[in-house]
file data26.pdb (PDB, C-alpha atoms)
ATOM      1  CA  MET A   1      51.991  44.245 -87.419  1.00  0.00           C
ATOM      2  CA  ASN A   2      50.405  47.258 -85.822  1.00  0.00           C
ATOM      3  CA  GLN A   3      51.621  50.805 -85.453  1.00  0.00           C
ATOM      4  CA  PRO A   4      55.276  50.660 -84.410  1.00  0.00           C
ATOM      5  CA  ALA A   5      57.052  53.366 -82.479  1.00  0.00           C
ATOM      6  CA  ARG A   6      57.767  56.279 -84.770  1.00  0.00           C
ATOM      7  CA  GLU A   7      61.270  56.319 -86.180  1.00  0.00           C
ATOM      8  CA  PRO A   8      62.893  59.676 -86.956  1.00  0.00           C
ATOM      9  CA  ASP A   9      62.190  60.730 -90.522  1.00  0.00           C
ATOM     10  CA  PRO A  10      65.057  62.704 -92.059  1.00  0.00           C
ATOM     11  CA  THR A  11      62.694  64.552 -94.424  1.00  0.00           C
ATOM     12  CA  THR A  12      60.451  65.898 -91.646  1.00  0.00           C
ATOM     13  CA  ASP A  13      61.597  69.095 -89.951  1.00  0.00           C
ATOM     14  CA  PRO A  14      62.386  68.195 -86.317  1.00  0.00           C
ATOM     15  CA  ALA A  15      60.489  71.330 -85.265  1.00  0.00           C
ATOM     16  CA  LEU A  16      57.318  69.574 -86.503  1.00  0.00           C
ATOM     17  CA  SER A  17      57.730  66.582 -84.190  1.00  0.00           C
ATOM     18  CA  GLU A  18      54.721  67.486 -82.021  1.00  0.00           C
ATOM     19  CA  VAL A  19      52.590  68.118 -85.110  1.00  0.00           C
ATOM     20  CA  LEU A  20      53.642  64.776 -86.562  1.00  0.00           C
ATOM     21  CA  ASP A  21      52.752  62.954 -83.340  1.00  0.00           C
ATOM     22  CA  ALA A  22      49.341  64.655 -83.178  1.00  0.00           C
ATOM     23  CA  LEU A  23      48.546  63.731 -86.778  1.00  0.00           C
ATOM     24  CA  ILE A  24      49.784  60.151 -86.501  1.00  0.00           C
ATOM     25  CA  ALA A  25      47.260  59.718 -83.677  1.00  0.00           C
ATOM     26  CA  ARG A  26      44.464  60.697 -86.122  1.00  0.00           C
ATOM     27  CA  GLU A  27      45.371  58.304 -88.921  1.00  0.00           C
ATOM     28  CA  PRO A  28      44.247  56.319 -90.676  1.00  0.00           C
ATOM     29  CA  LEU A  29      41.468  58.825 -91.187  1.00  0.00           C
ATOM     30  CA  PHE A  30      37.973  57.500 -90.302  1.00  0.00           C
ATOM     31  CA  HIS A  31      39.405  54.336 -88.723  1.00  0.00           C
ATOM     32  CA  ARG A  32      39.717  55.883 -85.258  1.00  0.00           C
ATOM     33  CA  PRO A  33      36.543  55.539 -83.150  1.00  0.00           C
ATOM     34  CA  GLU A  34      38.019  57.756 -80.419  1.00  0.00           C
ATOM     35  CA  PHE A  35      37.379  60.747 -82.704  1.00  0.00           C
ATOM     36  CA  GLY A  36      33.694  59.902 -82.866  1.00  0.00           C
ATOM     37  CA  LEU A  37      31.155  58.032 -84.908  1.00  0.00           C
ATOM     38  CA  THR A  38      28.350  60.572 -85.350  1.00  0.00           C
ATOM     39  CA  ARG A  39      27.691  63.107 -88.055  1.00  0.00           C
ATOM     40  CA  ALA A  40      28.521  65.906 -85.601  1.00  0.00           C
ATOM     41  CA  ASP A  41      31.893  64.231 -84.922  1.00  0.00           C
ATOM     42  CA  PHE A  42      32.532  63.895 -88.654  1.00  0.00           C
ATOM     43  CA  GLU A  43      31.679  67.567 -89.208  1.00  0.00           C
ATOM     44  CA  ARG A  44      34.150  68.581 -86.469  1.00  0.00           C
ATOM     45  CA  LEU A  45      36.850  66.380 -88.030  1.00  0.00           C
ATOM     46  CA  THR A  46      36.414  67.656 -91.607  1.00  0.00           C
ATOM     47  CA  ALA A  47      36.279  71.106 -93.171  1.00  0.00           C
ATOM     48  CA  PRO A  48      32.981  72.168 -94.786  1.00  0.00           C
ATOM     49  CA  ASP A  49      34.668  71.965 -98.211  1.00  0.00           C
ATOM     50  CA  TYR A  50      36.447  68.648 -97.460  1.00  0.00           C
ATOM     51  CA  TRP A  51      36.801  66.202-100.332  1.00  0.00           C
ATOM     52  CA  GLU A  52      38.881  63.174-101.131  1.00  0.00           C
ATOM     53  CA  VAL A  53      40.152  61.034-103.954  1.00  0.00           C
ATOM     54  CA  GLY A  54      39.746  57.340-103.250  1.00  0.00           C
ATOM     55  CA  ALA A  55      42.049  54.498-104.228  1.00  0.00           C
ATOM     56  CA  SER A  56      39.752  54.071-107.263  1.00  0.00           C
ATOM     57  CA  GLY A  57      40.748  57.525-108.494  1.00  0.00           C
ATOM     58  CA  ASN A  58      37.193  58.814-107.990  1.00  0.00           C
ATOM     59  CA  ARG A  59      36.548  62.152-106.291  1.00  0.00           C
ATOM     60  CA  TYR A  60      34.170  62.081-103.328  1.00  0.00           C
ATOM     61  CA  SER A  61      32.414  64.976-101.622  1.00  0.00           C
ATOM     62  CA  ARG A  62      32.181  65.405 -97.874  1.00  0.00           C
ATOM     63  CA  GLU A  63      28.499  64.435 -97.995  1.00  0.00           C
ATOM     64  CA  TYR A  64      29.199  61.265 -99.967  1.00  0.00           C
ATOM     65  CA  VAL A  65      31.998  60.226 -97.604  1.00  0.00           C
ATOM     66  CA  TRP A  66      29.691  60.742 -94.626  1.00  0.00           C
ATOM     67  CA  SER A  67      26.955  58.620 -96.247  1.00  0.00           C
ATOM     68  CA  VAL A  68      29.410  55.742 -96.764  1.00  0.00           C
ATOM     69  CA  LEU A  69      30.748  56.056 -93.212  1.00  0.00           C
ATOM     70  CA  GLU A  70      27.228  56.211 -91.791  1.00  0.00           C
ATOM     71  CA  GLN A  71      26.381  52.900 -93.496  1.00  0.00           C
ATOM     72  CA  ARG A  72      29.670  51.344 -92.391  1.00  0.00           C
ATOM     73  CA  TYR A  73      29.261  52.509 -88.776  1.00  0.00           C
ATOM     74  CA  ALA A  74      25.698  51.150 -88.687  1.00  0.00           C
ATOM     75  CA  THR A  75      27.013  47.593 -88.991  1.00  0.00           C
ATOM     76  CA  ALA A  76      30.302  47.883 -87.100  1.00  0.00           C
ATOM     77  CA  ALA A  77      32.233  50.661 -85.462  1.00  0.00           C
ATOM     78  CA  PRO A  78      35.752  51.108 -86.810  1.00  0.00           C
ATOM     79  CA  SER A  79      38.637  49.870 -84.762  1.00  0.00           C
ATOM     80  CA  TRP A  80      42.338  50.451 -85.058  1.00  0.00           C
ATOM     81  CA  PRO A  81      44.595  48.655 -85.375  1.00  0.00           C
ATOM     82  CA  GLU A  82      42.752  46.386 -87.781  1.00  0.00           C
ATOM     83  CA  PRO A  83      43.844  42.736 -87.941  1.00  0.00           C
ATOM     84  CA  ASP A  84      46.759  42.153 -90.339  1.00  0.00           C
ATOM     85  CA  SER A  85      47.137  45.875 -91.050  1.00  0.00           C
ATOM     86  CA  ALA A  86      50.085  48.181 -90.571  1.00  0.00           C
ATOM     87  CA  ILE A  87      50.728  51.879 -90.927  1.00  0.00           C
ATOM     88  CA  GLY A  88      54.042  53.682 -91.266  1.00  0.00           C
ATOM     89  CA  GLU A  89      56.482  55.828 -93.241  1.00  0.00           C
ATOM     90  CA  PHE A  90      54.961  59.016 -91.840  1.00  0.00           C
ATOM     91  CA  GLN A  91      56.184  62.372 -93.123  1.00  0.00           C
ATOM     92  CA  VAL A  92      54.794  65.838 -92.505  1.00  0.00           C
ATOM     93  CA  ARG A  93      55.387  69.180 -94.176  1.00  0.00           C
ATOM     94  CA  ALA A  94      54.080  72.630 -93.318  1.00  0.00           C
ATOM     95  CA  ILE A  95      52.344  73.985 -96.428  1.00  0.00           C
ATOM     96  CA  ALA A  96      50.672  77.149 -95.066  1.00  0.00           C
ATOM     97  CA  ALA A  97      49.946  78.796 -91.737  1.00  0.00           C
ATOM     98  CA  ASP A  98      48.786  76.028 -89.376  1.00  0.00           C
ATOM     99  CA  THR A  99      48.286  73.698 -92.374  1.00  0.00           C
ATOM    100  CA  TYR A 100      50.197  70.465 -92.886  1.00  0.00           C
ATOM    101  CA  LEU A 101      50.573  67.741 -95.490  1.00  0.00           C
ATOM    102  CA  LEU A 102      50.829  64.293 -93.882  1.00  0.00           C
ATOM    103  CA  THR A 103      51.826  61.261 -95.950  1.00  0.00           C
ATOM    104  CA  TYR A 104      52.054  57.627 -94.892  1.00  0.00           C
ATOM    105  CA  THR A 105      51.585  54.052 -96.071  1.00  0.00           C
ATOM    106  CA  LEU A 106      48.776  51.738 -95.029  1.00  0.00           C
ATOM    107  CA  ARG A 107      49.069  47.999 -95.535  1.00  0.00           C
ATOM    108  CA  GLN A 108      45.783  46.118 -95.369  1.00  0.00           C
ATOM    109  CA  PRO A 109      45.109  42.517 -96.371  1.00  0.00           C
ATOM    110  CA  GLY A 110      45.523  42.355-100.153  1.00  0.00           C
ATOM    111  CA  ARG A 111      46.703  45.918-100.782  1.00  0.00           C
ATOM    112  CA  LEU A 112      49.209  48.612-100.009  1.00  0.00           C
ATOM    113  CA  THR A 113      48.230  52.279-100.297  1.00  0.00           C
ATOM    114  CA  ARG A 114      50.094  55.545-100.021  1.00  0.00           C
ATOM    115  CA  ARG A 115      47.931  58.086 -98.253  1.00  0.00           C
ATOM    116  CA  LEU A 116      47.920  61.834 -97.972  1.00  0.00           C
ATOM    117  CA  THR A 117      45.835  64.026 -95.676  1.00  0.00           C
ATOM    118  CA  VAL A 118      45.961  67.808 -95.527  1.00  0.00           C
ATOM    119  CA  TRP A 119      45.315  68.887 -91.954  1.00  0.00           C
ATOM    120  CA  GLN A 120      44.709  72.328 -90.505  1.00  0.00           C
ATOM    121  CA  HIS A 121      44.904  73.246 -86.857  1.00  0.00           C
ATOM    122  CA  ARG A 122      41.827  75.324 -86.047  1.00  0.00           C
ATOM    123  CA  GLU A 123      39.880  75.950 -82.887  1.00  0.00           C
ATOM    124  CA  PRO A 124      38.855  73.626 -81.317  1.00  0.00           C
ATOM    125  CA  GLY A 125      41.390  71.225 -82.867  1.00  0.00           C
ATOM    126  CA  TRP A 126      42.582  69.450 -86.015  1.00  0.00           C
ATOM    127  CA  THR A 127      40.482  69.538 -89.185  1.00  0.00           C
ATOM    128  CA  ALA A 128      40.994  67.440 -92.321  1.00  0.00           C
ATOM    129  CA  LEU A 129      40.808  69.479 -95.537  1.00  0.00           C
ATOM    130  CA  TYR A 130      41.603  66.762 -98.096  1.00  0.00           C
ATOM    131  CA  HIS A 131      42.483  63.070 -98.216  1.00  0.00           C
ATOM    132  CA  GLN A 132      43.760  60.746-100.927  1.00  0.00           C
ATOM    133  CA  GLY A 133      44.624  57.056-101.089  1.00  0.00           C
ATOM    134  CA  THR A 134      46.598  55.536-103.963  1.00  0.00           C
ATOM    135  CA  VAL A 135      47.081  51.799-104.410  1.00  0.00           C
ATOM    136  CA  VAL A 136      50.714  50.947-105.113  1.00  0.00           C
ATOM    137  CA  SER A 137      52.425  47.748-106.164  1.00  0.00           C
ATOM    138  CA  GLU A 138      54.648  45.995-103.680  1.00  0.00           C
ATOM    139  CA  ASP A 139      57.599  45.582-106.039  1.00  0.00           C
TER     140      ASP A 139
END

call {"tool": "encode", "arguments": {"input": "data26.pdb", "output": "structure tokens"}}
result
Amino acid sequence: MNQPAREPDPTTDPALSEVLDALIAREPLFHRPEFGLTRADFERLTAPDYWEVGASGNRYSREYVWSVLEQRYATAAPSWPEPDSAIGEFQVRAIAADTYLLTYTLRQPGRLTRRLTVWQHREPGWTALYHQGTVVSED
């Protein structure tokens, strides 16, 4: 199952439809080769003070995330959709001027995660401020 057509989400303000579509196109974060594979691309995609909390619960700095991605990209470029993966349940909320909280689920072989990315629209485009992935049970 890949990324299905987006169904209307009753909790997302209809006025944010274009924002939601733009952000869906950027997720899952760091799985989209069309946004680049170089350090310069990564720096454009993330704020200087970007950080994330991984599914492990550990906090990771922007520099650490880049070092992991650099190693990963050295062996294989990311591709989306990944085999046997699915993404959905997108919701977006405006949380400040030009700043949005996007949540979604990502199903990969062997695990389901709820994800959250805080995005800001800046010149020249969208910038990730924060990201978090939380493993959830499939009950």

call {"tool": "closest_residue", "arguments": {"input": "data26.pdb", "among": "A:Leu116, A:Ile24, A:Leu129, A:Ile95", "to": "Ser61 in chain A", "atoms": "only C-alpha atoms"}}
result
A:Leu129

call {"tool": "resolve_selection", "arguments": {"input": "data26.pdb", "expression": "the PyMOL selection byres ((chain A and resi 83) around 9)", "output": "JSON, numbers by chain"}}
result
{"A": [1, 2, 80, 81, 82, 84, 85, 86, 108, 109]}

call {"tool": "atom_distance", "arguments": {"input": "data26.pdb", "atom1": "CA of Val136 in chain A", "atom2": "CA of Phe30 in chain A"}}
result
20.6 Å

call {"tool": "atom_distance", "arguments": {"input": "data26.pdb", "atom1": "CA of Ala15 in chain A", "atom2": "CA of Tyr100 in chain A"}}
result
12.8 Å

call {"tool": "atom_distance", "arguments": {"input": "data26.pdb", "atom1": "CA of Val19 in chain A", "atom2": "CA of Ser79 in chain A"}}
result
23.0 Å

call {"tool": "resolve_selection", "arguments": {"input": "data26.pdb", "expression": "the PyMOL selection byres ((chain A and resi 126-128) around 9)", "output": "PyMOL selection string"}}
result
chain A and resi 22-23+26+29+44-47+50+117-125+129-131

call {"tool": "write_last_selection", "arguments": {"input": "data26.pdb", "atoms": "C-alpha atoms", "output": "PDB file, in the coordinates of the input"}}
result
ATOM      1  CA  ALA A  22      49.341  64.655 -83.178  1.00  0.00           C
ATOM      2  CA  LEU A  23      48.546  63.731 -86.778  1.00  0.00           C
ATOM      3  CA  ARG A  26      44.464  60.697 -86.122  1.00  0.00           C
ATOM      4  CA  LEU A  29      41.468  58.825 -91.187  1.00  0.00           C
ATOM      5  CA  ARG A  44      34.150  68.581 -86.469  1.00  0.00           C
ATOM      6  CA  LEU A  45      36.850  66.380 -88.030  1.00  0.00           C
ATOM      7  CA  THR A  46      36.414  67.656 -91.607  1.00  0.00           C
ATOM      8  CA  ALA A  47      36.279  71.106 -93.171  1.00  0.00           C
ATOM      9  CA  TYR A  50      36.447  68.648 -97.460  1.00  0.00           C
ATOM     10  CA  THR A 117      45.835  64.026 -95.676  1.00  0.00           C
ATOM     11  CA  VAL A 118      45.961  67.808 -95.527  1.00  0.00           C
ATOM     12  CA  TRP A 119      45.315  68.887 -91.954  1.00  0.00           C
ATOM     13  CA  GLN A 120      44.709  72.328 -90.505  1.00  0.00           C
ATOM     14  CA  HIS A 121      44.904  73.246 -86.857  1.00  0.00           C
ATOM     15  CA  ARG A 122      41.827  75.324 -86.047  1.00  0.00           C
ATOM     16  CA  GLU A 123      39.880  75.950 -82.887  1.00  0.00           C
ATOM     17  CA  PRO A 124      38.855  73.626 -81.317  1.00  0.00           C
ATOM     18  CA  GLY A 125      41.390  71.225 -82.867  1.00  0.00           C
ATOM     19  CA  LEU A 129      40.808  69.479 -95.537  1.00  0.00           C
ATOM     20  CA  TYR A 130      41.603  66.762 -98.096  1.00  0.00           C
ATOM     21  CA  HIS A 131      42.483  63.070 -98.216  1.00  0.00           C
TER      22      HIS A 131
END

call {"tool": "closest_residue", "arguments": {"input": "data26.pdb", "among": "A:Glu70, A:Asp13, A:Val65, A:Glu18", "to": "Leu37 in chain A", "atoms": "only C-alpha atoms"}}
result
A:Glu70

call {"tool": "resolve_selection", "arguments": {"input": "data26.pdb", "expression": "the PyMOL selection byres ((chain A and resi 55) around 12)", "output": "PyMOL selection string"}}
result
chain A and resi 52-54+56-60+106+111-116+131-136

call {"tool": "closest_residue", "arguments": {"input": "data26.pdb", "among": "A:Leu16, A:Trp66, A:Ser137, A:Val92", "to": "Ala40 in chain A", "atoms": "only C-alpha atoms"}}
result
A:Trp66
